[in-house]
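Visitor: Handing over final39.txt, compact mmCIF, C-alpha atoms and all ligand atoms.
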```txt
# COMPACT_ATOMS: atom_id res chain seq x y z
CA MET R 1140 -23.07 -16.01 130.81
CA PHE R 1141 -22.83 -15.70 127.06
CA GLU R 1142 -20.38 -17.53 124.89
CA SER R 1143 -20.17 -14.68 122.42
CA CYS R 1144 -21.39 -11.24 121.43
CA LEU R 1145 -23.46 -12.88 118.69
CA GLU R 1146 -25.44 -14.70 121.32
CA VAL R 1147 -26.20 -11.55 123.29
CA ARG R 1148 -27.22 -9.67 120.16
CA GLN R 1149 -29.79 -12.34 119.37
CA LEU R 1150 -31.55 -11.09 122.51
CA PHE R 1151 -31.42 -7.37 121.74
CA SER R 1152 -34.74 -7.26 119.90
CA ASP R 1153 -36.62 -8.94 122.77
CA TYR R 1154 -34.60 -6.93 125.27
CA VAL R 1155 -35.64 -3.52 123.94
CA ASP R 1156 -39.27 -4.67 123.91
CA GLY R 1157 -39.07 -5.88 127.52
CA GLN R 1158 -39.70 -9.46 126.36
CA CYS R 1159 -36.65 -11.03 128.04
CA ASP R 1160 -37.18 -12.82 131.34
CA ARG R 1161 -35.44 -11.48 134.44
CA GLU R 1162 -32.44 -13.77 134.07
CA ALA R 1163 -31.81 -12.99 130.39
CA SER R 1164 -32.19 -9.24 131.00
CA ALA R 1165 -29.66 -9.38 133.82
CA ALA R 1166 -27.23 -11.32 131.63
CA VAL R 1167 -27.59 -8.80 128.79
CA ARG R 1168 -26.97 -5.92 131.19
CA PHE R 1169 -23.94 -7.69 132.63
CA HIS R 1170 -22.47 -8.27 129.17
CA LEU R 1171 -23.08 -4.67 128.16
CA ARG R 1172 -21.14 -3.43 131.14
CA TYR R 1173 -17.98 -5.02 129.78
CA CYS R 1174 -18.48 -5.03 126.02
CA GLU R 1175 -18.16 -1.72 124.25
CA ALA R 1176 -18.98 -3.17 120.81
CA CYS R 1177 -22.33 -4.53 121.99
CA ARG R 1178 -23.11 -1.26 123.76
CA ALA R 1179 -22.56 0.56 120.48
CA ALA R 1180 -24.72 -2.00 118.64
CA LEU R 1181 -27.56 -1.54 121.13
CA ASP R 1182 -27.26 2.25 120.88
CA SER R 1183 -27.55 2.14 117.12
CA LEU R 1184 -30.52 -0.21 117.34
CA GLN R 1185 -32.24 2.29 119.64
CA ALA R 1186 -31.33 5.15 117.30
CA VAL R 1187 -32.97 3.31 114.39
CA ARG R 1188 -36.08 2.68 116.48
CA ALA R 1189 -36.26 6.34 117.48
CA GLU R 1190 -36.03 7.39 113.81
CA LEU R 1191 -38.84 5.00 112.85
CA LYS R 1192 -41.03 6.53 115.57
CA LEU R 1193 -40.24 10.00 114.21
CA LEU R 1194 -41.46 9.24 110.70
CA PRO R 1195 -44.40 11.56 110.04
CA HIS R 1196 -47.81 9.92 110.53
CA ARG R 1197 -49.69 9.79 107.28
CA ARG R 1198 -53.24 11.12 107.47
CA VAL R 1199 -56.09 10.38 105.10
CA PRO R 1200 -56.40 13.29 102.64
CA GLU R 1201 -59.70 15.16 102.83
CA ASP R 1202 -60.99 14.00 99.45
CA LEU R 1203 -60.25 10.37 100.29
CA ALA R 1204 -62.06 10.70 103.64
CA LEU R 1205 -65.07 12.03 101.76
CA ARG R 1206 -64.92 9.22 99.21
CA LEU R 1207 -64.83 6.67 102.04
CA ARG R 1208 -67.83 8.32 103.66
CA VAL R 1209 -69.80 8.38 100.40
CA GLN R 1210 -68.86 4.78 99.69
CA LEU R 1211 -70.13 3.81 103.14
CA SER R 1212 -73.42 5.63 102.76
CA GLN R 1213 -74.10 4.22 99.32
CA ARG R 1214 -73.37 0.73 100.54
CA LEU R 1215 -75.65 1.05 103.55
CA HIS R 1216 -78.50 2.50 101.54
CA ARG R 1217 -78.27 0.23 98.54
CA ASN R 1218 -80.53 -2.33 100.20
CA LEU R 1219 -82.97 0.38 101.13
CA LEU R 1220 -83.17 1.50 97.49
CA GLU R 1221 -83.71 -2.06 96.33
CA ARG R 1222 -86.59 -2.46 98.80
CA LEU R 1223 -88.06 0.87 97.76
CA ARG R 1224 -87.98 -0.15 94.13
CA VAL R 1225 -89.80 -3.39 94.89
CA ARG R 1226 -92.45 -1.55 96.86
CA ILE R 1227 -93.08 0.95 94.11
CA GLU R 1228 -93.29 -1.74 91.50
CA ASN R 1229 -95.86 -3.52 93.60
CA ALA R 1230 -97.85 -0.34 94.06
CA ILE R 1231 -97.81 0.61 90.41
CA GLU R 1232 -98.51 -2.77 88.93
CA PRO R 1233 -102.25 -2.90 89.57
CA LEU R 1234 -102.70 0.26 87.51
CA LEU R 1235 -101.51 -1.58 84.43
CA VAL R 1236 -100.50 1.45 82.49
CA PRO R 1237 -98.88 0.05 79.39
CA ALA R 1238 -95.83 1.66 77.84
CA SER R 1239 -95.65 4.37 80.45
CA THR R 1240 -93.05 4.94 83.07
CA ALA R 1241 -93.22 6.46 86.48
CA VAL R 1242 -90.12 8.20 87.61
CA LEU R 1243 -88.82 8.70 91.06
CA THR R 1244 -85.71 10.35 92.26
CA ALA R 1245 -84.48 8.60 95.34
CA VAL R 1246 -82.21 10.46 97.70
CA ILE R 1247 -79.60 9.30 100.09
CA CYS R 1248 -77.99 11.96 102.12
CA PHE R 1249 -75.80 12.49 105.08
CA GLY R 1250 -74.52 15.66 106.59
CA VAL R 1251 -70.89 16.46 106.71
CA LEU R 1252 -70.14 18.80 109.56
CA MET R 1253 -67.38 21.11 108.64
CA ALA R 1254 -66.26 24.66 108.77
CA SER R 1255 -65.01 25.95 105.43
CA GLY R 1256 -61.61 24.60 104.63
CA SER R 1257 -61.31 22.17 107.51
CA PRO R 1258 -61.60 18.37 107.24
CA PRO R 1259 -65.05 16.73 107.55
CA ARG R 1260 -65.85 16.93 111.24
CA ALA R 1261 -68.34 14.06 111.18
CA ASN R 1262 -65.34 11.79 110.66
CA THR R 1263 -63.71 12.81 113.90
CA PRO R 1264 -65.32 10.99 116.80
CA ASP R 1265 -64.32 13.59 119.36
CA VAL R 1266 -67.02 16.02 118.20
CA PRO R 1267 -70.09 15.61 120.41
CA LEU R 1268 -72.66 15.13 117.67
CA GLN R 1269 -75.63 16.36 119.70
CA LEU R 1270 -74.02 19.82 119.89
CA ALA R 1271 -73.83 20.08 116.14
CA THR R 1272 -76.34 18.85 113.57
CA PRO R 1273 -75.70 18.63 109.84
CA PRO R 1274 -78.02 20.24 107.26
CA ARG R 1275 -81.09 18.22 106.29
CA VAL R 1276 -83.16 18.07 103.14
CA GLU R 1277 -86.62 19.57 103.60
CA ALA R 1278 -87.88 19.11 100.05
CA LEU R 1279 -86.16 18.54 96.75
CA ALA R 1280 -87.68 20.43 93.84
CA PRO R 1281 -89.74 18.01 91.72
CA ILE R 1282 -87.65 18.44 88.62
CA ASP R 1283 -86.97 15.33 86.58
CA PHE R 1284 -83.60 14.88 84.97
CA ASN R 1285 -81.40 12.01 83.99
CA THR R 1286 -78.97 11.02 86.72
CA GLY R 1287 -77.32 8.35 84.60
CA ASP R 1288 -76.95 4.73 85.66
CA GLN R 1289 -74.43 5.47 88.37
CA GLY R 1290 -76.45 8.27 89.93
CA LEU R 1291 -75.06 11.59 91.08
CA THR R 1292 -73.22 12.42 94.26
CA LEU R 1293 -72.98 16.04 95.31
CA LEU R 1294 -71.27 17.87 98.10
CA THR R 1295 -73.65 20.74 98.81
CA HIS R 1296 -72.83 23.82 100.82
CA ILE R 1297 -75.89 25.18 102.69
CA ASP R 1298 -75.87 28.61 104.36
CA ALA R 1299 -77.39 29.47 107.76
CA SER R 1300 -80.77 30.27 106.21
CA GLY R 1301 -81.02 26.97 104.34
CA ARG R 1302 -80.04 28.21 100.87
CA VAL R 1303 -77.66 26.37 98.58
CA LEU R 1304 -74.46 28.42 98.38
CA ASP R 1305 -72.72 26.08 95.97
CA TYR R 1306 -72.25 22.42 95.23
CA LYS R 1307 -69.60 20.18 93.84
CA VAL R 1308 -70.33 17.07 91.79
CA LEU R 1309 -68.33 14.25 93.38
CA SER R 1310 -69.45 11.61 90.91
CA GLY R 1311 -71.75 11.49 87.90
CA GLN R 1312 -72.64 13.99 85.15
CA PRO R 1313 -73.90 17.48 86.02
CA SER R 1314 -76.84 18.76 83.94
CA PRO R 1315 -79.02 21.94 83.64
CA GLY R 1316 -81.83 20.02 85.39
CA LEU R 1317 -79.59 19.48 88.36
CA ALA R 1318 -78.77 23.19 88.67
CA GLN R 1319 -82.48 24.00 88.56
CA MET R 1320 -83.30 21.41 91.18
CA MET R 1321 -80.63 22.74 93.53
CA LEU R 1322 -81.95 26.26 93.10
CA PHE R 1323 -85.52 25.36 94.09
CA SER R 1324 -84.90 22.76 96.77
CA LEU R 1325 -85.36 23.50 100.47
CA PHE R 1326 -82.96 22.65 103.25
CA HIS R 1327 -82.79 22.94 107.00
CA PRO R 1328 -79.49 24.57 107.89
CA ALA R 1329 -76.88 22.90 110.05
CA THR R 1330 -76.88 23.89 113.70
CA LEU R 1331 -74.17 24.42 116.22
CA PHE R 1332 -75.26 24.68 119.86
CA GLY R 1333 -78.82 25.16 118.58
CA LYS R 1334 -77.94 28.11 116.30
CA PRO R 1335 -78.27 27.80 112.50
CA THR R 1336 -74.91 27.82 110.78
CA GLU R 1337 -73.30 26.98 107.46
CA GLY R 1338 -72.81 23.32 106.74
CA ARG R 1339 -72.37 20.75 104.05
CA ILE R 1340 -74.40 17.77 103.07
CA VAL R 1341 -73.70 14.98 100.64
CA LEU R 1342 -76.62 14.12 98.40
CA SER R 1343 -76.75 10.98 96.37
CA LEU R 1344 -79.44 11.19 93.69
CA ARG R 1345 -80.68 8.31 91.63
CA ARG R 1346 -83.56 8.17 89.23
CA ILE R 1347 -85.52 4.99 89.47
CA THR R 1348 -87.64 4.19 86.50
CA VAL R 1349 -90.61 2.06 87.31
CA ARG R 1350 -92.26 0.35 84.42
CA GLY R 1351 -96.04 0.13 84.40
CA MET A 1233 -40.44 -3.95 133.31
CA ASP A 1234 -42.84 -4.55 130.47
CA LEU A 1235 -42.11 -2.05 127.73
CA ALA A 1236 -44.66 -3.57 125.38
CA VAL A 1237 -47.56 -1.69 126.95
CA ASP A 1238 -50.60 -0.77 124.96
CA ARG A 1239 -50.17 2.84 123.89
CA THR A 1240 -53.38 3.17 121.92
CA GLN A 1241 -55.54 5.11 124.34
CA SER A 1242 -57.33 6.91 121.53
CA LEU A 1243 -59.03 3.69 120.43
CA PRO A 1244 -62.29 2.61 122.07
CA ALA A 1245 -62.01 0.63 125.28
CA VAL A 1246 -62.80 -3.09 125.13
CA ALA A 1247 -65.95 -2.66 127.21
CA SER A 1248 -67.57 -0.37 124.65
CA GLU A 1249 -66.25 -2.37 121.71
CA ALA A 1250 -68.95 -5.05 122.00
CA SER A 1251 -71.70 -2.45 121.78
CA LEU A 1252 -69.96 -0.73 118.86
CA VAL A 1253 -69.78 -4.08 117.05
CA ALA A 1254 -73.47 -4.71 117.76
CA GLU A 1255 -74.38 -1.35 116.24
CA LEU A 1256 -72.16 -1.97 113.22
CA GLN A 1257 -73.80 -5.33 112.67
CA ALA A 1258 -77.22 -3.67 112.88
CA GLY A 1259 -76.09 -1.41 110.02
CA SER A 1260 -75.97 1.85 111.95
CA GLU A 1261 -74.55 4.58 109.77
CA ASP A 1262 -73.37 6.54 112.82
CA ALA A 1263 -71.45 3.52 114.08
CA PHE A 1264 -69.73 3.11 110.70
CA ALA A 1265 -68.93 6.82 110.55
CA TYR A 1266 -67.42 6.50 114.01
CA LEU A 1267 -65.42 3.46 112.93
CA LEU A 1268 -64.05 5.41 109.96
CA GLY A 1269 -63.18 8.31 112.25
CA VAL A 1270 -61.22 6.08 114.61
CA TYR A 1271 -59.48 3.78 112.15
CA GLN A 1272 -59.04 5.51 108.81
CA ASN A 1273 -55.90 7.41 109.80
CA PRO A 1274 -54.03 4.59 111.61
CA VAL A 1275 -54.89 2.12 108.84
CA PHE A 1276 -53.85 4.61 106.15
CA ASN A 1277 -50.59 5.21 108.01
CA LEU A 1278 -49.97 1.47 108.20
CA ILE A 1279 -50.68 0.83 104.52
CA SER A 1280 -48.74 3.85 103.41
CA HIS A 1281 -45.61 2.86 105.34
CA ILE A 1282 -45.74 -0.73 104.15
CA LEU A 1283 -46.38 0.19 100.51
CA GLY A 1284 -44.20 3.30 100.64
CA ASN A 1285 -46.64 5.15 98.40
CA ASP A 1286 -49.65 7.30 99.38
CA SER A 1287 -51.68 7.02 96.21
CA GLU A 1288 -51.42 3.22 96.20
CA ALA A 1289 -52.34 3.36 99.88
CA ALA A 1290 -55.51 5.32 99.04
CA ASP A 1291 -56.76 2.55 96.73
CA VAL A 1292 -55.96 -0.16 99.25
CA LEU A 1293 -57.63 1.81 102.07
CA GLN A 1294 -60.90 1.94 100.12
CA GLU A 1295 -60.73 -1.81 99.51
CA VAL A 1296 -60.06 -2.42 103.20
CA PHE A 1297 -63.17 -0.55 104.30
CA VAL A 1298 -65.30 -2.27 101.65
CA LYS A 1299 -64.17 -5.58 103.21
CA VAL A 1300 -64.83 -4.21 106.71
CA PHE A 1301 -68.39 -3.12 105.79
CA LYS A 1302 -69.08 -6.46 104.12
CA GLY A 1303 -67.40 -8.63 106.72
CA ILE A 1304 -68.58 -7.08 109.98
CA ARG A 1305 -71.52 -9.53 110.10
CA HIS A 1306 -69.02 -12.37 110.40
CA PHE A 1307 -67.00 -10.71 113.14
CA HIS A 1308 -67.61 -12.52 116.43
CA GLY A 1309 -65.06 -10.89 118.68
CA GLN A 1310 -62.43 -13.64 118.27
CA SER A 1311 -59.89 -10.82 118.24
CA SER A 1312 -60.17 -7.10 118.92
CA LEU A 1313 -61.77 -4.97 116.22
CA LYS A 1314 -58.41 -3.32 115.70
CA THR A 1315 -56.48 -6.53 114.98
CA TRP A 1316 -59.34 -7.73 112.77
CA ILE A 1317 -59.20 -4.53 110.68
CA TYR A 1318 -55.39 -4.62 110.55
CA ARG A 1319 -55.53 -8.22 109.39
CA ILE A 1320 -57.84 -7.22 106.55
CA ALA A 1321 -55.42 -4.39 105.72
CA LEU A 1322 -52.40 -6.71 105.58
CA HIS A 1323 -54.35 -9.12 103.43
CA GLU A 1324 -55.35 -6.35 101.00
CA ILE A 1325 -51.76 -5.10 100.91
CA SER A 1326 -50.48 -8.49 99.81
CA ASN A 1327 -53.33 -8.81 97.27
CA HIS A 1328 -52.40 -5.44 95.92
CA ARG A 1329 -48.67 -6.02 95.95
CA ARG A 1330 -48.62 -8.54 93.11
CA GLY A 1331 -49.97 -6.02 90.66
CA TRP A 1332 -48.14 -3.19 92.35
CA LEU A 1333 -44.72 -4.82 92.01
CA ARG A 1334 -45.20 -5.14 88.28
CA ARG A 1335 -46.25 -1.51 87.94
CA ARG A 1336 -43.47 -0.31 90.21
CA LEU A 1337 -40.81 -2.03 88.11
CA ARG A 1338 -42.10 -0.15 85.09
CA GLU A 1339 -42.33 3.17 86.89
CA THR A 1340 -39.22 3.10 89.04
CA ALA A 1341 -37.65 6.04 87.26
CA SER A 1342 -40.62 8.38 87.57
CA PHE A 1343 -41.40 7.24 91.11
CA ASP A 1344 -37.90 8.06 92.35
CA HIS A 1345 -37.98 11.41 90.66
CA GLU A 1346 -41.34 12.25 92.21
CA SER A 1347 -40.40 11.22 95.74
CA HIS A 1348 -37.19 13.21 95.48
CA GLU A 1349 -39.12 16.34 94.50
CA GLU A 1350 -41.56 15.77 97.33
CA THR A 1351 -38.73 15.63 99.83
CA ALA A 1352 -37.17 18.76 98.45
CA ALA A 1353 -40.49 20.58 98.69
CA SER A 1354 -41.11 19.52 102.27
CA TRP A 1355 -37.58 20.55 103.13
CA ARG A 1356 -38.12 24.03 101.66
CA GLU A 1357 -41.36 24.31 103.58
CA GLN A 1358 -39.75 23.30 106.85
CA ALA A 1359 -36.67 25.40 106.27
CA GLY A 1360 -38.83 28.49 106.01
CA ARG A 1361 -40.10 27.95 109.52
CA THR A 1362 -36.92 27.37 111.46
CA ALA A 1363 -33.79 29.27 112.26
CA ASN A 1364 -31.33 26.58 111.30
CA PRO A 1365 -31.85 25.17 107.79
CA TYR A 1366 -28.85 22.84 108.15
CA GLN A 1367 -30.52 21.01 111.00
CA VAL A 1368 -33.71 20.63 109.00
CA LEU A 1369 -31.86 19.39 105.97
CA GLU A 1370 -30.18 16.82 108.13
CA GLN A 1371 -33.49 15.65 109.58
CA ALA A 1372 -35.21 15.52 106.19
CA GLU A 1373 -32.29 13.58 104.76
CA ARG A 1374 -32.33 11.20 107.69
CA GLN A 1375 -36.05 10.57 107.31
CA ASP A 1376 -35.56 9.97 103.63
CA LEU A 1377 -32.82 7.43 104.35
CA VAL A 1378 -34.98 5.70 106.96
CA LYS A 1379 -37.92 5.50 104.55
CA ARG A 1380 -35.73 4.06 101.82
CA ALA A 1381 -34.15 1.52 104.15
CA LEU A 1382 -37.60 0.47 105.32
CA ALA A 1383 -38.85 0.20 101.74
CA ASP A 1384 -35.87 -2.00 100.85
CA LEU A 1385 -36.58 -4.53 103.59
CA PRO A 1386 -38.10 -7.76 102.27
CA PRO A 1387 -41.91 -7.47 102.72
CA VAL A 1388 -42.25 -10.07 105.50
CA PHE A 1389 -39.76 -8.21 107.68
CA ARG A 1390 -41.09 -4.79 106.75
CA ALA A 1391 -44.64 -5.66 107.83
CA VAL A 1392 -43.47 -6.80 111.28
CA VAL A 1393 -41.21 -3.77 111.77
CA VAL A 1394 -43.97 -1.31 110.77
CA LEU A 1395 -46.56 -3.01 113.00
CA ARG A 1396 -44.21 -2.96 115.99
CA GLU A 1397 -42.21 0.24 115.65
CA ILE A 1398 -44.66 2.56 113.91
CA GLU A 1399 -48.07 1.14 114.88
CA ASP A 1400 -47.03 0.08 118.40
CA LEU A 1401 -48.75 -3.31 118.26
CA SER A 1402 -47.80 -5.94 120.85
CA TYR A 1403 -46.19 -9.25 119.77
CA ARG A 1404 -49.50 -11.02 120.33
CA GLU A 1405 -51.41 -8.49 118.23
CA ILE A 1406 -48.86 -8.76 115.42
CA ALA A 1407 -49.16 -12.55 115.55
CA GLU A 1408 -52.96 -12.24 115.23
CA VAL A 1409 -52.80 -9.70 112.44
CA LEU A 1410 -50.35 -11.72 110.35
CA GLY A 1411 -51.68 -15.13 111.34
CA ILE A 1412 -48.23 -16.37 112.41
CA PRO A 1413 -46.91 -17.69 115.75
CA GLU A 1414 -45.43 -15.20 118.23
CA GLY A 1415 -42.06 -16.93 117.89
CA THR A 1416 -42.06 -16.06 114.19
CA VAL A 1417 -42.94 -12.45 115.04
CA LYS A 1418 -39.90 -12.33 117.33
CA SER A 1419 -37.48 -13.80 114.82
CA ARG A 1420 -38.72 -11.61 111.95
CA LEU A 1421 -38.50 -8.54 114.15
CA LEU A 1422 -34.97 -9.46 115.19
CA ARG A 1423 -33.87 -9.89 111.58
CA GLY A 1424 -35.72 -6.83 110.31
CA ARG A 1425 -34.28 -4.62 113.01
CA GLU A 1426 -30.80 -6.01 112.44
CA MET A 1427 -30.99 -5.29 108.71
CA LEU A 1428 -32.08 -1.72 109.40
CA ARG A 1429 -29.39 -1.29 112.04
CA ARG A 1430 -26.65 -2.49 109.72
CA ARG A 1431 -27.78 -0.17 107.00
CA LEU A 1432 -28.57 2.91 109.12
CA GLY A 1433 -26.61 2.51 112.34
CA SER A 1434 -23.46 4.27 111.21
CA ILE A 1435 -25.39 7.14 109.61
CA LEU A 1436 -27.65 7.77 112.59
CA GLY A 1437 -24.93 7.14 115.19
ZN ZN R 1501 -20.39 -8.11 123.17
```
Is it possible to express this structure as structure tokens?
Ligand SMILES: [Zn+2]
Guide:
Amino acid sequence: MFESCLEVRQLFSDYVDGQCDREASAAVRFHLRYCEACRAALDSLQAVRAELKLLPHRRVPEDLALRLRVQLSQRLHRNLLERLRVRIENAIEPLLVPASTAVLTAVICFGVLMASGSPPRANTPDVPLQLATPPRVEALAPIDFNTGDQGLTLLTHIDASGRVLDYKVLSGQPSPGLAQMMLFSLFHPATLFGKPTEGRIVLSLRRITVRG
Amino acid sequence: MDLAVDRTQSLPAVASEASLVAELQAGSEDAFAYLLGVYQNPVFNLISHILGNDSEAADVLQEVFVKVFKGIRHFHGQSSLKTWIYRIALHEISNHRRGWLRRRLRETASFDHESHEETAASWREQAGRTANPYQVLEQAERQDLVKRALADLPPVFRAVVVLREIEDLSYREIAEVLGIPEGTVKSRLLRGREMLRRRLGSILG
């Protein structure tokens, strides 16, 4: 038995979570049968809990989801780029070409599966990925342009025949060279159940300058 | 009856978690993309409700996943992946809060104005869809009151209430996430719930 209502209310939080042992639960229930004030207090506690559960669930906005995805890809491929740079430096060195630079545009890309207007499907794990494949790069046009120190990240929309429909610069500075490169580059379209379809791909371009 | 059952069926089962972790540690991009797909929304929801601000939550969310990408090599399954990620999130929230508090004090006026407009807009949107605008107004007002009451809770109580009532974590998971004993979880939850009840009970009645 409880000395006071205060004592029983100390148990309410555990009680609603099913954390009271059998004896304490029985005692709470017994008290509630006779105490209207505590019944009202428990009801209002439950009402507050129900309201908290009803608060709308916040979802990641589409642009933030894309930023997270790009951030991930850049992080995973950074090491790869570093290794690539070392390899090229090693390969070029024996030529000993003074005061000349070799230029390479390195590409990181990942497909984003999405129908126009809907959120990036590749971020939802319930899509069986083998039934849908993102677009792939076949060949980037060999056009040299300055990507800046930070590189360029593009969201590129590829149609069912592998042509670039449009692209959006997510980070970095666009340039005429970029537009030209996008025009002459080749892509494999995305597929859905084996059929070519529209799709989007994120390209991350970075010019690596290799000194002779 | 145990009411504190795990209601997170959408998250990967424990059996497959070890193989997911192995793939993450091997640097598989697919595994990381999957991880983002599973956790970005729940973690964003958590951060957003604790900070009470979506744009602040966006910054913190990016930091959280940077830490997750960097730290996965040191994850040895001492806890579930979920509690490990939530712990990183709570840590980033408290890192962020110091600077955030200062900014919020400066921007209180504009912040209140903005959130009021947002509520009004969502009310108009909802009102257009239903037959009884009075009901909708009441619900929107109630939600606004609940959000404000939650935001006014002292941070230590707010974190526990959000993890339990909104994220459905068990006492043990909350203890792991916050790095505090289960007894402390219980007492904070009791006090947090009581503060909310005192403030909202009569209105929600
Ligand atoms: Zn009583």
Visitor: So what do you get for CA of Asp1286 (chain A) versus CA of Ala1263 (chain A), distance-wise?
Guide: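 Computing it gives 26.6 Å between the two atoms.
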Visitor: Would you mind listing, as a count of residues only, all residues of chain R that have at least one atom within 10 Å of chain A, where only C-alpha atoms are what counts?
Guide: 56
Visitor: Please identify every polymer residue within 9 Å of ligand ZN 1501 (chain R), using only C-alpha atoms and all ligand atoms, and present the set as an MDAnalysis selection string.
Guide: chainID R and resid 1141 1143:1148 1170:1171 1173:1178 1180
Visitor: Hey, can you check how far CA of Pro1413 (chain A) sits from CA of Ser1248 (chain A)?
Guide: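 Going from CA of Pro1413 (chain A) over to CA of Ser1248 (chain A), I get 28.4 Å.
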Visitor: Figure out the distance between CA of Gly1303 (chain A) and CA of Leu1410 (chain A), please, to one decimal in Å.
Guide: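 Value for the CA of Leu1410 (chain A)-CA of Gly1303 (chain A) distance: 17.7 Å.
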Visitor: With N, CA, C and O atoms as the goal, would you fill in the gaps in region 1257-1268 of chain A and present it as a short mmCIF file (atom, residue, chain, number, x, y, z; two decimals), in the coordinates of the input?
Guide:
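Everything below was put into part39.cif:
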```cif
data_model
loop_
_atom_site.label_atom_id
_atom_site.label_comp_id
_atom_site.auth_asym_id
_atom_site.auth_seq_id
_atom_site.Cartn_x
_atom_site.Cartn_y
_atom_site.Cartn_z
N GLN A 1257 -73.13 -4.18 113.26
CA GLN A 1257 -73.80 -5.33 112.67
C GLN A 1257 -75.26 -5.03 112.38
O GLN A 1257 -75.85 -5.62 111.49
N ALA A 1258 -75.83 -4.08 113.14
CA ALA A 1258 -77.22 -3.67 112.88
C ALA A 1258 -77.29 -2.69 111.71
O ALA A 1258 -78.36 -2.27 111.30
N GLY A 1259 -76.12 -2.30 111.17
CA GLY A 1259 -76.09 -1.41 110.02
C GLY A 1259 -76.23 0.06 110.35
O GLY A 1259 -76.66 0.85 109.52
N SER A 1260 -75.87 0.45 111.57
CA SER A 1260 -75.97 1.85 111.95
C SER A 1260 -74.94 2.71 111.22
O SER A 1260 -73.74 2.46 111.29
N GLU A 1261 -75.44 3.71 110.53
CA GLU A 1261 -74.55 4.58 109.77
C GLU A 1261 -73.64 5.38 110.71
O GLU A 1261 -72.46 5.59 110.42
N ASP A 1262 -74.18 5.80 111.85
CA ASP A 1262 -73.37 6.54 112.82
C ASP A 1262 -72.21 5.70 113.32
O ASP A 1262 -71.10 6.19 113.48
N ALA A 1263 -72.50 4.41 113.58
CA ALA A 1263 -71.45 3.52 114.08
C ALA A 1263 -70.34 3.37 113.04
O ALA A 1263 -69.16 3.40 113.37
N PHE A 1264 -70.74 3.23 111.75
CA PHE A 1264 -69.73 3.11 110.70
C PHE A 1264 -68.94 4.40 110.53
O PHE A 1264 -67.73 4.37 110.30
N ALA A 1265 -69.63 5.53 110.66
CA ALA A 1265 -68.93 6.82 110.55
C ALA A 1265 -67.92 6.95 111.69
O ALA A 1265 -66.80 7.43 111.49
N TYR A 1266 -68.31 6.48 112.86
CA TYR A 1266 -67.42 6.50 114.01
C TYR A 1266 -66.20 5.60 113.76
O TYR A 1266 -65.06 5.99 114.00
N LEU A 1267 -66.49 4.42 113.24
CA LEU A 1267 -65.42 3.46 112.93
C LEU A 1267 -64.41 4.08 111.95
O LEU A 1267 -63.19 3.99 112.15
N LEU A 1268 -64.93 4.74 110.92
CA LEU A 1268 -64.05 5.41 109.96
C LEU A 1268 -63.21 6.46 110.68
O LEU A 1268 -62.01 6.56 110.46
#
```
